[in-house]
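Asker: Here it is: the structure, laid out below.
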Amino acid sequence: MRGKVNHAGGKHLPSKSSIAEIALDLLRLLFPGFFDGPTIHSSAMKDVTDGLLGEVISRLIFEIAKSLKYAPPDGVSQTDIPKLAQKQTFEFLSALPWIRELLETDTDAAYEGDPAALSREEVVLAYPL
């Protein structure tokens, strides 16, 4: 195949499909019970979200490390990349409670500002994020 955008044999890039799956899992963490097939009982919410968070952590570290290996920041050696990927992952994930609060204010504003909206749950499910 000819072209300048081929990447066969190059450095291993982050996986587009893995990133999309991680993004969906982040939505599941931010809005538990909204983006899952089966209903999550409130008594199982903590266990489900803890398990999902653990999966997201490992997958996100892996994808961030691939990105850092592809284009390492100045002064970062290849041996430092796993630690940096872990640090960046935890810094990002530590912002999830703040992101959740922000999304809740957006949800409230959309619900209160749209007379056609029947509930906040409808806003989360039907409005673009």
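Identifiers for the structure tokens are assigned positionally: chains receive A, B, ... in sequence, residues are indexed from 1 per chain, and ligands are indexed from 1 in the order shown.
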If you count only C-alpha atoms, which residues fall within 12 Å of stretch 70-81 of chain A, apart from same-chain ones fewer than 6 positions away, as number ranges by chain?
Answerer: A: 10-14, 61-64, 87-89
Asker: Could you give me, as number ranges by chain, each residue of chain A that DSSP assigns to alpha helix (DSSP H) when run on this structure's backbone?
Answerer: A: 16-30, 45-70, 81-93, 96-113, 120-126
Asker: I need the residue nearest A:Ser67 from this list: A:Phe90, A:Glu104, A:Ser15, A:Asp47. Use only C-alpha atoms for the distance.
Answerer: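 The answer is A:Ser15, which sits nearest to A:Ser67.
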Asker: Taking only C-alpha atoms into account, name the residue in A:Ala109, A:Ala44, A:Glu55, A:Lys66 that is nearest to A:Lys16.
Answerer: A:Lys66
